[in-house]
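K.L.:
Structure file coords-v2.cif, mmCIF, C-alpha atoms (C1' of nucleotides), is pasted below:
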```
data_upload
#
loop_
_atom_site.label_atom_id
_atom_site.label_comp_id
_atom_site.auth_asym_id
_atom_site.auth_seq_id
_atom_site.Cartn_x
_atom_site.Cartn_y
_atom_site.Cartn_z
CA MET A 1 16.99 -24.92 35.50
CA SER A 2 15.75 -22.43 33.01
CA SER A 3 12.49 -22.12 34.82
CA ALA A 4 13.30 -18.46 35.58
CA PRO A 5 14.11 -16.33 32.53
CA ALA A 6 16.24 -13.23 32.78
CA THR A 7 13.15 -11.10 33.16
CA PRO A 8 10.80 -13.37 35.03
CA ARG A 9 7.72 -11.46 33.84
CA ALA A 10 5.98 -12.87 36.81
CA TYR A 11 2.55 -11.70 37.69
CA HIS A 12 4.13 -9.47 40.24
CA HIS A 13 6.72 -7.30 38.65
CA GLY A 14 8.52 -6.60 41.89
CA ALA A 15 9.47 -3.03 41.08
CA LEU A 16 6.79 -1.82 38.77
CA ARG A 17 6.54 1.64 40.23
CA PRO A 18 10.08 2.80 39.43
CA ALA A 19 9.92 0.91 36.13
CA LEU A 20 6.81 2.83 35.16
CA ILE A 21 8.45 6.11 36.10
CA ALA A 22 11.45 5.24 33.95
CA ALA A 23 9.17 4.27 31.09
CA ALA A 24 7.31 7.56 31.49
CA VAL A 25 10.54 9.55 31.35
CA ALA A 26 11.64 7.69 28.22
CA THR A 27 8.30 8.26 26.54
CA LEU A 28 8.25 11.92 27.56
CA ASP A 29 11.70 12.36 26.06
CA GLU A 30 10.61 10.80 22.79
CA VAL A 31 7.20 12.31 22.12
CA GLY A 32 6.83 15.13 24.63
CA PRO A 33 4.31 15.58 27.43
CA ALA A 34 1.32 16.24 25.19
CA ALA A 35 1.59 12.96 23.30
CA THR A 36 2.55 10.81 26.28
CA SER A 37 -0.23 8.41 27.20
CA MET A 38 -0.65 6.17 30.18
CA ARG A 39 -1.18 3.23 27.87
CA ALA A 40 2.03 3.83 25.93
CA VAL A 41 3.99 4.10 29.17
CA ALA A 42 2.44 0.92 30.51
CA ARG A 43 3.13 -0.90 27.23
CA ARG A 44 6.77 0.12 27.42
CA ALA A 45 6.96 -1.30 30.92
CA GLY A 46 5.27 -4.50 29.75
CA VAL A 47 2.07 -4.15 31.74
CA THR A 48 -1.48 -3.01 31.19
CA HIS A 49 -2.54 0.58 31.58
CA ALA A 50 -4.66 -0.39 34.57
CA ALA A 51 -1.49 -1.41 36.39
CA ALA A 52 -0.21 2.12 36.06
CA THR A 53 -3.52 3.45 37.30
CA TYR A 54 -3.27 1.16 40.30
CA HIS A 55 0.14 2.50 41.29
CA PHE A 56 -0.40 6.18 40.54
CA GLY A 57 -4.13 6.70 40.67
CA ASP A 58 -4.28 8.61 37.42
CA LYS A 59 -2.11 10.17 34.76
CA ALA A 60 -1.47 13.23 36.91
CA GLY A 61 -0.29 10.91 39.67
CA LEU A 62 2.31 9.36 37.39
CA LEU A 63 3.55 12.76 36.29
CA THR A 64 3.61 13.87 39.92
CA ALA A 65 6.13 11.14 40.60
CA VAL A 66 8.18 12.25 37.60
CA ALA A 67 8.12 15.87 38.76
CA ALA A 68 9.11 14.91 42.30
CA ASP A 69 12.03 12.88 40.98
CA GLY A 70 12.98 15.87 38.87
CA TYR A 71 12.97 18.25 41.81
CA ARG A 72 15.10 15.85 43.82
CA MET A 73 17.62 15.50 41.04
CA LEU A 74 17.68 19.24 40.43
CA ALA A 75 18.32 19.99 44.09
CA GLU A 76 21.17 17.51 44.09
CA GLU A 77 22.80 18.95 40.98
CA LEU A 78 22.49 22.51 42.22
CA GLU A 79 23.99 21.60 45.57
CA ARG A 80 26.87 19.87 43.90
CA ALA A 81 27.54 22.85 41.64
CA GLU A 82 27.50 25.13 44.66
CA ARG A 83 29.80 22.79 46.57
CA GLU A 84 32.29 22.15 43.81
CA ARG A 85 32.37 25.41 41.89
CA HIS A 86 31.65 27.95 44.63
CA SER A 87 30.11 30.23 42.08
CA PHE A 88 26.61 31.61 41.79
CA LEU A 89 27.00 31.74 38.03
CA GLU A 90 27.91 28.07 37.90
CA VAL A 91 24.78 27.20 39.85
CA GLY A 92 22.85 28.90 37.07
CA VAL A 93 24.82 26.97 34.48
CA ALA A 94 23.98 23.78 36.35
CA TYR A 95 20.31 24.76 36.23
CA VAL A 96 20.40 25.08 32.45
CA HIS A 97 22.44 21.89 32.20
CA PHE A 98 19.77 20.05 34.15
CA ALA A 99 16.99 21.40 31.93
CA VAL A 100 18.78 20.29 28.77
CA THR A 101 19.94 16.89 29.98
CA HIS A 102 16.70 16.06 31.80
CA ARG A 103 14.23 17.62 29.45
CA ALA A 104 11.38 15.27 30.34
CA HIS A 105 11.63 16.01 34.05
CA PHE A 106 12.09 19.72 33.52
CA GLU A 107 9.13 20.13 31.20
CA VAL A 108 6.80 18.30 33.55
CA MET A 109 8.07 20.15 36.61
CA PHE A 110 7.10 23.52 35.20
CA ARG A 111 3.73 22.50 33.83
CA PRO A 112 1.75 22.28 37.07
CA GLU A 113 -1.53 21.53 35.34
CA LEU A 114 -0.07 18.13 34.47
CA TYR A 115 0.38 16.87 38.02
CA HIS A 116 -0.90 17.14 41.59
CA ARG A 117 0.59 20.28 43.01
CA ASP A 118 -0.33 19.42 46.58
CA ASP A 119 1.49 16.09 46.75
CA PRO A 120 3.57 16.04 49.96
CA GLY A 121 6.59 14.34 48.44
CA LEU A 122 6.60 16.73 45.55
CA LEU A 123 6.30 19.77 47.79
CA ALA A 124 9.24 18.63 49.88
CA ALA A 125 11.40 18.05 46.82
CA ALA A 126 10.42 21.39 45.32
CA ALA A 127 11.27 23.15 48.56
CA ALA A 128 14.70 21.52 48.54
CA SER A 129 15.29 22.79 45.03
CA ALA A 130 14.24 26.29 45.98
CA ARG A 131 16.67 26.22 48.92
CA SER A 132 19.49 25.25 46.60
CA LEU A 133 18.57 27.98 44.20
CA TYR A 134 18.29 30.81 46.67
CA GLY A 135 21.06 29.58 48.90
CA THR A 136 20.56 28.54 52.46
CA SER A 137 19.74 32.03 53.64
CA HIS A 138 16.07 32.83 53.49
CA VAL A 139 16.38 36.53 53.26
CA GLU A 140 13.92 39.15 52.16
CA GLY A 141 13.97 42.32 50.15
CA ALA A 142 16.92 43.01 47.94
CA THR A 143 18.59 39.63 48.25
CA LEU A 144 15.39 37.80 47.45
CA ALA A 145 14.88 39.96 44.39
CA SER A 146 18.41 39.32 43.18
CA GLY A 147 17.92 35.60 43.62
CA VAL A 148 14.69 35.74 41.66
CA ALA A 149 16.47 37.73 38.97
CA ALA A 150 19.13 35.05 38.61
CA TRP A 151 16.55 32.26 38.65
CA SER A 152 14.30 34.01 36.15
CA LEU A 153 17.22 34.60 33.82
CA VAL A 154 18.44 31.02 33.75
CA HIS A 155 14.88 29.71 33.67
CA GLY A 156 14.16 31.93 30.69
CA ILE A 157 17.29 30.74 28.93
CA ALA A 158 16.40 27.12 29.61
CA THR A 159 12.81 27.33 28.40
CA LEU A 160 13.61 29.45 25.37
CA TRP A 161 16.40 27.06 24.45
CA LEU A 162 14.20 24.00 24.82
CA ASN A 163 11.61 25.60 22.56
CA GLY A 164 14.16 26.57 19.96
CA ASN A 165 13.50 30.26 20.39
CA LEU A 166 17.02 31.52 21.02
CA PRO A 167 18.79 33.13 18.04
CA GLU A 168 21.05 30.71 16.22
CA ALA A 169 23.82 33.28 16.26
CA LEU A 170 24.41 32.43 19.90
CA GLY A 171 25.60 28.95 19.01
CA ASP A 172 24.35 25.54 20.02
CA ASP A 173 25.83 25.14 23.49
CA PRO A 174 23.24 26.24 26.06
CA GLU A 175 25.73 26.25 28.90
CA ALA A 176 28.10 28.52 27.01
CA ILE A 177 25.17 30.75 26.14
CA THR A 178 24.30 30.92 29.82
CA ARG A 179 27.77 32.08 30.74
CA VAL A 180 27.68 34.77 28.07
CA VAL A 181 24.17 35.97 28.74
CA ALA A 182 24.40 35.84 32.51
CA ALA A 183 27.27 38.29 32.31
CA TYR A 184 24.61 40.95 31.86
CA LEU A 185 23.42 40.41 35.41
CA ARG A 186 24.86 42.90 37.85
CA PRO A 187 27.83 41.20 39.44
CA ASP A 188 27.33 42.71 42.89
CA HIS A 189 24.94 40.04 44.03
CA ARG A 190 27.28 37.15 43.48
CA ARG A 191 29.03 35.75 46.44
CA MET B 192 -40.65 40.48 9.56
CA SER B 193 -39.07 38.43 12.27
CA SER B 194 -37.83 35.95 9.73
CA ALA B 195 -34.24 36.88 10.64
CA PRO B 196 -33.40 36.45 14.35
CA ALA B 197 -30.57 38.35 15.97
CA THR B 198 -28.19 35.50 15.38
CA PRO B 199 -29.46 33.98 12.19
CA ARG B 200 -27.81 30.62 12.90
CA ALA B 201 -27.91 30.03 9.21
CA TYR B 202 -26.19 27.06 7.74
CA HIS B 203 -23.36 29.37 6.81
CA HIS B 204 -22.05 31.12 9.87
CA GLY B 205 -20.47 33.93 7.91
CA ALA B 206 -17.46 34.38 10.17
CA LEU B 207 -16.85 31.00 11.70
CA ARG B 208 -13.09 31.15 11.51
CA PRO B 209 -12.57 34.13 13.83
CA ALA B 210 -15.43 32.90 16.00
CA LEU B 211 -13.67 29.57 16.43
CA ILE B 212 -10.41 31.29 17.30
CA ALA B 213 -12.21 33.38 19.92
CA ALA B 214 -13.87 30.27 21.31
CA ALA B 215 -10.50 28.55 21.43
CA VAL B 216 -8.94 31.43 23.36
CA ALA B 217 -11.84 31.44 25.82
CA THR B 218 -11.57 27.69 26.33
CA LEU B 219 -7.80 27.86 26.69
CA ASP B 220 -8.19 30.53 29.34
CA GLU B 221 -10.66 28.41 31.27
CA VAL B 222 -9.17 24.94 31.21
CA GLY B 223 -5.64 25.37 29.87
CA PRO B 224 -4.07 23.99 26.70
CA ALA B 225 -3.94 20.39 27.84
CA ALA B 226 -7.68 20.10 28.46
CA THR B 227 -8.77 22.12 25.45
CA SER B 228 -10.46 19.96 22.85
CA MET B 229 -11.54 20.72 19.32
CA ARG B 230 -15.01 19.51 20.15
CA ALA B 231 -15.38 21.78 23.17
CA VAL B 232 -14.22 24.76 21.14
CA ALA B 233 -16.66 23.92 18.34
CA ARG B 234 -19.48 23.46 20.83
CA ARG B 235 -18.80 26.89 22.26
CA ALA B 236 -18.97 28.37 18.79
CA GLY B 237 -22.23 26.54 18.17
CA VAL B 238 -21.00 24.25 15.42
CA THR B 239 -19.87 20.68 15.05
CA HIS B 240 -16.30 19.57 15.58
CA ALA B 241 -15.97 18.77 11.91
CA ALA B 242 -16.57 22.42 11.06
CA ALA B 243 -13.46 23.35 12.99
CA THR B 244 -11.51 20.65 11.21
CA TYR B 245 -12.70 22.03 7.90
CA HIS B 246 -11.37 25.51 8.66
CA PHE B 247 -8.12 24.59 10.37
CA GLY B 248 -7.27 21.12 9.16
CA ASP B 249 -6.53 19.75 12.60
CA LYS B 250 -6.13 20.77 16.20
CA ALA B 251 -2.59 22.02 15.61
CA GLY B 252 -3.95 24.20 12.82
CA LEU B 253 -6.39 25.89 15.18
CA LEU B 254 -3.67 26.50 17.74
CA THR B 255 -1.41 27.81 14.98
CA ALA B 256 -3.98 30.51 14.32
CA VAL B 257 -4.11 31.32 18.03
CA ALA B 258 -0.32 31.52 18.24
CA ALA B 259 -0.11 33.73 15.17
CA ASP B 260 -2.70 36.09 16.62
CA GLY B 261 -0.70 36.10 19.83
CA TYR B 262 2.53 37.03 18.07
CA ARG B 263 0.77 39.82 16.22
CA MET B 264 -0.71 41.23 19.40
CA LEU B 265 2.59 40.90 21.26
CA ALA B 266 4.47 42.75 18.53
CA GLU B 267 1.91 45.52 18.64
CA GLU B 268 2.07 45.90 22.42
CA LEU B 269 5.86 45.88 22.47
CA GLU B 270 6.00 48.51 19.73
CA ARG B 271 3.56 50.70 21.58
CA ALA B 272 5.54 50.41 24.80
CA GLU B 273 8.71 51.33 22.95
CA ARG B 274 6.95 54.24 21.24
CA GLU B 275 5.20 55.63 24.30
CA ARG B 276 7.62 54.88 27.12
CA HIS B 277 10.99 55.07 25.36
CA SER B 278 12.42 52.64 27.85
CA PHE B 279 13.89 49.21 27.40
CA LEU B 280 12.70 48.26 30.86
CA GLU B 281 9.14 49.22 30.01
CA VAL B 282 9.26 47.01 26.92
CA GLY B 283 10.07 44.17 29.28
CA VAL B 284 7.22 45.19 31.55
CA ALA B 285 4.92 45.20 28.53
CA TYR B 286 6.13 41.67 27.72
CA VAL B 287 5.14 40.43 31.16
CA HIS B 288 1.89 42.37 30.97
CA PHE B 289 1.06 40.63 27.72
CA ALA B 290 1.81 37.21 29.17
CA VAL B 291 -0.45 37.81 32.16
CA THR B 292 -3.34 39.46 30.32
CA HIS B 293 -3.22 37.10 27.33
CA ARG B 294 -2.34 33.91 29.08
CA ALA B 295 -4.00 31.64 26.51
CA HIS B 296 -2.07 33.14 23.61
CA PHE B 297 1.20 33.25 25.52
CA GLU B 298 1.05 29.66 26.66
CA VAL B 299 0.33 28.37 23.17
CA MET B 300 3.01 30.56 21.58
CA PHE B 301 5.75 29.00 23.65
CA ARG B 302 4.61 25.42 23.33
CA PRO B 303 5.68 24.72 19.75
CA GLU B 304 4.69 21.07 19.87
CA LEU B 305 1.08 22.25 19.93
CA TYR B 306 1.05 23.99 16.56
CA HIS B 307 2.61 24.05 13.09
CA ARG B 308 5.91 25.84 13.47
CA ASP B 309 6.39 26.28 9.73
CA ASP B 310 3.16 28.15 9.07
CA PRO B 311 4.02 31.24 6.97
CA GLY B 312 1.65 33.60 8.75
CA LEU B 313 2.92 32.48 12.10
CA LEU B 314 6.56 32.85 11.09
CA ALA B 315 5.95 36.40 9.90
CA ALA B 316 4.17 37.36 13.11
CA ALA B 317 6.89 35.75 15.23
CA ALA B 318 9.56 37.63 13.32
CA ALA B 319 7.75 40.89 13.95
CA SER B 320 7.70 40.15 17.66
CA ALA B 321 11.39 39.36 17.67
CA ARG B 322 12.12 42.64 15.93
CA SER B 323 10.19 44.53 18.58
CA LEU B 324 12.02 42.70 21.30
CA TYR B 325 15.53 43.18 20.03
CA GLY B 326 14.90 46.60 18.61
CA THR B 327 15.22 47.43 14.97
CA SER B 328 18.96 46.91 14.90
CA HIS B 329 19.98 43.39 14.07
CA VAL B 330 23.34 43.44 15.67
CA GLU B 331 25.62 40.66 16.69
CA GLY B 332 27.91 39.85 19.56
CA ALA B 333 27.57 41.80 22.74
CA THR B 334 24.39 43.64 21.85
CA LEU B 335 22.64 40.46 20.82
CA ALA B 336 23.63 38.81 24.08
CA SER B 337 22.32 41.73 26.10
CA GLY B 338 19.02 41.59 24.24
CA VAL B 339 18.76 37.87 24.91
CA ALA B 340 19.56 38.53 28.56
CA ALA B 341 16.69 40.98 28.84
CA TRP B 342 14.33 38.71 26.93
CA SER B 343 15.29 35.65 28.97
CA LEU B 344 14.80 37.55 32.20
CA VAL B 345 11.31 38.81 31.43
CA HIS B 346 10.36 35.51 29.82
CA GLY B 347 11.49 33.69 32.94
CA ILE B 348 9.51 36.07 35.15
CA ALA B 349 6.43 35.62 32.98
CA THR B 350 6.52 31.83 32.87
CA LEU B 351 7.40 31.43 36.55
CA TRP B 352 4.61 33.82 37.46
CA LEU B 353 2.07 32.00 35.32
CA ASN B 354 3.03 28.72 36.96
CA GLY B 355 2.81 30.17 40.44
CA ASN B 356 6.48 29.55 41.13
CA LEU B 357 7.56 33.01 42.23
CA PRO B 358 7.89 33.56 45.99
CA GLU B 359 4.81 35.13 47.50
CA ALA B 360 6.98 37.63 49.32
CA LEU B 361 7.39 39.49 46.05
CA GLY B 362 3.73 40.46 45.99
CA ASP B 363 0.99 39.78 43.51
CA ASP B 364 1.67 42.38 40.85
CA PRO B 365 3.80 40.80 38.11
CA GLU B 366 4.57 44.14 36.49
CA ALA B 367 5.85 45.60 39.74
CA ILE B 368 7.88 42.46 40.27
CA THR B 369 9.37 42.90 36.82
CA ARG B 370 10.47 46.44 37.60
CA VAL B 371 12.09 45.32 40.86
CA VAL B 372 13.75 42.21 39.50
CA ALA B 373 14.90 43.77 36.23
CA ALA B 374 16.89 46.25 38.27
CA TYR B 375 19.46 43.52 38.66
CA LEU B 376 20.26 43.65 34.98
CA ARG B 377 23.32 45.74 34.20
CA PRO B 378 22.01 49.16 33.24
CA ASP B 379 24.67 49.80 30.58
CA HIS B 380 22.76 48.05 27.84
CA ARG B 381 19.69 50.21 28.10
CA ARG B 382 19.26 52.98 25.61
"C1'" DC C 383 -35.17 33.44 -14.08
"C1'" DC C 384 -33.16 29.16 -12.88
"C1'" DC C 385 -29.93 25.73 -12.19
"C1'" DC C 386 -25.40 24.08 -11.22
"C1'" DC C 387 -21.21 24.07 -8.69
"C1'" DG C 388 -18.24 24.98 -5.07
"C1'" DA C 389 -17.91 26.47 -0.32
"C1'" DT C 390 -19.50 25.39 4.10
"C1'" DC C 391 -21.29 22.58 7.65
"C1'" DT C 392 -23.30 17.97 9.50
"C1'" DT C 393 -23.65 13.11 10.32
"C1'" DG C 394 -21.47 8.83 10.92
"C1'" DT C 395 -17.51 6.02 11.75
"C1'" DC C 396 -13.04 4.47 13.68
"C1'" DA C 397 -9.00 3.84 16.64
"C1'" DA C 398 -6.91 5.56 20.79
"C1'" DT C 399 -7.24 7.39 25.35
"C1'" DG C 400 -8.21 7.96 30.61
"C1'" DG C 401 -10.73 6.16 34.02
"C1'" DA C 402 -13.59 2.81 36.73
"C1'" DA C 403 -15.33 -1.73 37.95
"C1'" DA C 404 -14.71 -6.45 38.61
"C1'" DG C 405 -12.09 -10.47 38.45
"C1'" DA C 406 -7.66 -13.30 38.43
"C1'" DT C 407 -3.16 -14.30 40.50
"C1'" DT C 408 0.32 -14.31 43.77
"C1'" DG C 409 2.90 -14.33 47.97
"C1'" DC C 410 3.05 -13.37 52.73
"C1'" DG C 411 1.74 -13.70 57.55
"C1'" DG C 412 -0.76 -16.05 61.10
"C1'" DC D 413 -1.36 -24.67 55.27
"C1'" DC D 414 -4.73 -21.29 54.39
"C1'" DG D 415 -6.94 -16.88 53.98
"C1'" DC D 416 -6.21 -12.33 52.75
"C1'" DA D 417 -4.39 -8.29 50.90
"C1'" DA D 418 -1.52 -6.50 47.34
"C1'" DT D 419 -0.87 -6.55 42.59
"C1'" DC D 420 -2.11 -7.00 37.89
"C1'" DT D 421 -5.62 -8.10 34.03
"C1'" DT D 422 -9.83 -7.95 31.59
"C1'" DT D 423 -13.72 -5.51 30.38
"C1'" DC D 424 -16.43 -1.59 29.70
"C1'" DC D 425 -17.64 3.38 28.96
"C1'" DA D 426 -17.47 8.28 27.55
"C1'" DT D 427 -14.51 11.41 25.13
"C1'" DT D 428 -11.36 12.76 21.68
"C1'" DG D 429 -9.06 13.72 16.94
"C1'" DA D 430 -9.31 12.48 12.41
"C1'" DC D 431 -11.53 11.08 8.27
"C1'" DA D 432 -15.22 10.08 4.78
"C1'" DA D 433 -19.51 10.98 2.85
"C1'" DG D 434 -23.51 13.51 2.55
"C1'" DA D 435 -26.57 17.69 3.23
"C1'" DT D 436 -27.27 22.65 2.65
"C1'" DC D 437 -26.57 27.04 1.02
"C1'" DG D 438 -25.27 30.93 -2.08
"C1'" DG D 439 -23.73 33.13 -6.08
"C1'" DG D 440 -22.71 33.31 -10.98
"C1'" DG D 441 -23.43 31.74 -15.83
"C1'" DG D 442 -26.76 30.25 -19.16
#
```
Could you rewrite the structure in this file as structure tokens?
P.N.:
Amino acid sequence: MSSAPATPRAYHHGALRPALIAAAVATLDEVGPAATSMRAVARRAGVTHAAATYHFGDKAGLLTAVAADGYRMLAEELERAERERHSFLEVGVAYVHFAVTHRAHFEVMFRPELYHRDDPGLLAAAAASARSLYGTSHVEGATLASGVAAWSLVHGIATLWLNGNLPEALGDDPEAITRVVAAYLRPDHRR
Amino acid sequence: MSSAPATPRAYHHGALRPALIAAAVATLDEVGPAATSMRAVARRAGVTHAAATYHFGDKAGLLTAVAADGYRMLAEELERAERERHSFLEVGVAYVHFAVTHRAHFEVMFRPELYHRDDPGLLAAAAASARSLYGTSHVEGATLASGVAAWSLVHGIATLWLNGNLPEALGDDPEAITRVVAAYLRPDHRR
DNA sequence: CCCCCGATCTTGTCAATGGAAAGATTGCGG
DNA sequence: CCGCAATCTTTCCATTGACAAGATCGGGGG
């Protein structure tokens, strides 16, 4: 009866690909992108590093999958914020919230030298995120610039926060900081 | 007479430390921080990898020197912009200009996991940069938040530009983009 | 004047890494 | 039921960062 343990550890894992991605995210969260190695990720997933190479080609391929997942999740969170809060500011807050709660994904996403920029799946996911950020209207000129201003502001807050570069006097809640700091954007571009 | 060639290549280099830093910056500019190795930097400087280890302790030590140089140069450029242009906006433009023209320094500076954050020389240089950014007045509350807003905005523009994430419709001049985008900051916090 | 000592740089070694090649194992379709 | 392709392992190689030990140089004290 007990011929099949809880984790069969069969020769064929069955779902190694997502398991490796999860292991990569966990490792990235613990030691950061620089110190994350294919072998450590594979060890965490219980396989050899060559198994990871088989599924993703190379290290950049693995991180490409992580980045694509990140863009998908970001698009979803931004859309939900837009849908539920109906506020441009709260979309920005959601952006910072994503960066802080999904640090591994976020850091990989904005370090293009780590992954394959031309991956089709990644490009599609990134485009979806951009749509959520700028809104559904692909406008030019002033509206585009205002969207970039809002994105740059929250992106700056997120990266500076993650690197520990924001003054301590602002407190330790990045979302609250976003609300305070974003107040210095001109309000006339909000919906 | 010709016993001393142009570059003596003596056993003692004479100024290996700054030469290694320059080689590191050149390598960083060419292949990025991830692919920069101690050995490649040492090769470029014409010495063995162990020579670099002797002068900087480890790889993080070398990058600490690069980051400290970067903070010193940034502080200088920001102060000059403030002195010559008398405009808060132009200080932000100078920030983006620094990031684009000193990409190697900038990328290392804001990747703290790459260097020794507690290095005294680095801390001093970073503090000088922060002073130039926020102005000489160390105020709290609203003024601090407005300074962080301006910093976050230009930092976001700089990092997004360096990663190629800004829409192409904005053009290819990051300083011009900064002037356009920064217009969406409330003007009441400028001097 | 000369030698010694410390600063500087090299050689050699080691474990870990990414990648590639080749082989082992498995399960599925014909 | 069998062959075959997908999946995973083993093995190997060049490179890297770090460390230890040795070689070389230069300047100051005797």
K.L.:
Specify as a PyMOL selection string each residue included when the PyMOL selection byres ((chain B) within 8 of (chain D)) is applied to this file.
P.N.:
chain B and resi 202-203+228-230+249-250
K.L.:
Write out as a ChimeraX atom specification every residue belonging to chain C that has an atom at most 10 Å from any atom of chain A, counting all atoms listed in the file.
P.N.:
/C:398-402,407-409
K.L.:
Could the residues of chain A that have an atom at most 6 Å from chain B be listed as a tab-separated table, each with its closest atom pair and the distance in Å to one decimal, counting all atoms listed in the file and ordered by chain and ascending residue number?
P.N.:
```
residue	atom	partner	partner_atom	distance
A:Ala145	CA	B:Val372	CA	5.5
A:Ala149	CA	B:Val372	CA	5.3
A:Ser152	CA	B:Gly347	CA	4.3
A:Leu153	CA	B:Leu344	CA	4.1
A:His155	CA	B:Gly347	CA	5.3
A:Gly156	CA	B:Gly347	CA	3.9
A:Ile157	CA	B:Ser343	CA	5.3
A:Val181	CA	B:Ala340	CA	5.3
A:Tyr184	CA	B:Arg377	CA	5.5
A:Leu185	CA	B:Leu376	CA	4.5
A:Arg186	CA	B:Arg377	CA	4.9
```
K.L.:
Write out the residues from the selection above, keeping C-alpha atoms, as a compact mmCIF listing (two decimals), in the coordinates of the input.
P.N.:
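Result written to part_14.txt:
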```
# COMPACT_ATOMS: atom_id res chain seq x y z
CA ALA A 145 14.88 39.96 44.39
CA ALA A 149 16.47 37.73 38.97
CA SER A 152 14.30 34.01 36.15
CA LEU A 153 17.22 34.60 33.82
CA HIS A 155 14.88 29.71 33.67
CA GLY A 156 14.16 31.93 30.69
CA ILE A 157 17.29 30.74 28.93
CA VAL A 181 24.17 35.97 28.74
CA TYR A 184 24.61 40.95 31.86
CA LEU A 185 23.42 40.41 35.41
CA ARG A 186 24.86 42.90 37.85
```
K.L.:
Run the PyMOL selection byres ((chain A and resi 132) around 10) mentally over the shown coordinates, then write out the matched residues as a list in words, using the chain letters and numbers from the document.
P.N.:
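When the PyMOL selection byres ((chain A and resi 132) around 10) is applied, the selected residues are Leu74, Ala75, Glu76, Glu77, Leu78, Glu79, Arg80, Ala81, Glu82, Val91, Ala126, Ala127, Ala128, Ser129, Ala130, Arg131, Leu133, Tyr134, Gly135, Thr136 and Ser137 of chain A.
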K.L.:
One number please: atom CA of A:Ala26 to atom CA of A:His102, in Å, one decimal.
P.N.:
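Result for atom CA of A:Ala26 versus atom CA of A:His102: 10.4 Å, one decimal.
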K.L.:
What is the distance, in Å and to one decimal place, between atom C1' of C:DC391 and atom CA of B:Ala242?
P.N.:
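Between atom C1' of C:DC391 and atom CA of B:Ala242 the gap is 5.8 Å.
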K.L.:
List the spatial neighbours of A:Asp119 as a PyMOL selection string - criterion: any atom at most 9 Å away, only C-alpha atoms (C1' of nucleotides), same-chain residues fewer than 6 positions off excluded.
P.N.:
chain A and resi 61+64+68
K.L.:
Measure the distance from atom CA of A:Gly121 to atom C1' of C:DC410 in Å and round it to one decimal.
P.N.:
28.3 Å
K.L.:
The PyMOL selection byres ((chain A and resi 44) around 10) on the file shown: which residues, as a PyMOL selection string?
P.N.:
chain A and resi 19-20+22-24+26-27+38-43+45-48
K.L.:
Provide an axis-aligned box for all listed atoms of stretch 386-396 of chain C, padding each side by 3 Å; report its centre and its edge lengths in Å to one decimal, as lines of an AutoDock Vina configuration file.
P.N.:
```
center_x = -19.2
center_y = 15.5
center_z = 1.2
size_x = 18.4
size_y = 28.0
size_z = 30.9
```
K.L.:
Please fill the gaps in stretch 224-235 of chain B so it has N, CA and C atoms, and write that as a PDB file, keeping the file's coordinate frame.
P.N.:
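Written file, part_15.pdb:
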```
ATOM      1  N   PRO B 224      -4.302  24.620  28.000  1.00  0.00           N
ATOM      2  CA  PRO B 224      -4.070  23.990  26.700  1.00  0.00           C
ATOM      3  C   PRO B 224      -4.266  22.485  26.718  1.00  0.00           C
ATOM      4  N   ALA B 225      -3.886  21.845  27.812  1.00  0.00           N
ATOM      5  CA  ALA B 225      -3.940  20.390  27.840  1.00  0.00           C
ATOM      6  C   ALA B 225      -5.384  19.903  27.729  1.00  0.00           C
ATOM      7  N   ALA B 226      -6.297  20.571  28.393  1.00  0.00           N
ATOM      8  CA  ALA B 226      -7.680  20.100  28.460  1.00  0.00           C
ATOM      9  C   ALA B 226      -8.560  20.726  27.381  1.00  0.00           C
ATOM     10  N   THR B 227      -7.978  21.494  26.500  1.00  0.00           N
ATOM     11  CA  THR B 227      -8.770  22.120  25.450  1.00  0.00           C
ATOM     12  C   THR B 227      -8.949  21.152  24.289  1.00  0.00           C
ATOM     13  N   SER B 228     -10.187  20.888  23.939  1.00  0.00           N
ATOM     14  CA  SER B 228     -10.460  19.960  22.850  1.00  0.00           C
ATOM     15  C   SER B 228     -11.152  20.688  21.696  1.00  0.00           C
ATOM     16  N   MET B 229     -10.879  20.192  20.511  1.00  0.00           N
ATOM     17  CA  MET B 229     -11.540  20.720  19.320  1.00  0.00           C
ATOM     18  C   MET B 229     -13.048  20.728  19.508  1.00  0.00           C
ATOM     19  N   ARG B 230     -13.561  19.642  20.029  1.00  0.00           N
ATOM     20  CA  ARG B 230     -15.010  19.510  20.150  1.00  0.00           C
ATOM     21  C   ARG B 230     -15.587  20.524  21.112  1.00  0.00           C
ATOM     22  N   ALA B 231     -14.888  20.784  22.217  1.00  0.00           N
ATOM     23  CA  ALA B 231     -15.380  21.780  23.170  1.00  0.00           C
ATOM     24  C   ALA B 231     -15.365  23.170  22.543  1.00  0.00           C
ATOM     25  N   VAL B 232     -14.309  23.460  21.806  1.00  0.00           N
ATOM     26  CA  VAL B 232     -14.220  24.760  21.140  1.00  0.00           C
ATOM     27  C   VAL B 232     -15.359  24.917  20.132  1.00  0.00           C
ATOM     28  N   ALA B 233     -15.588  23.863  19.341  1.00  0.00           N
ATOM     29  CA  ALA B 233     -16.660  23.920  18.340  1.00  0.00           C
ATOM     30  C   ALA B 233     -18.014  24.081  19.015  1.00  0.00           C
ATOM     31  N   ARG B 234     -18.220  23.343  20.097  1.00  0.00           N
ATOM     32  CA  ARG B 234     -19.480  23.460  20.830  1.00  0.00           C
ATOM     33  C   ARG B 234     -19.698  24.902  21.269  1.00  0.00           C
ATOM     34  N   ARG B 235     -18.655  25.514  21.789  1.00  0.00           N
ATOM     35  CA  ARG B 235     -18.800  26.890  22.260  1.00  0.00           C
ATOM     36  C   ARG B 235     -19.162  27.833  21.120  1.00  0.00           C
TER      37      ARG B 235
END
```
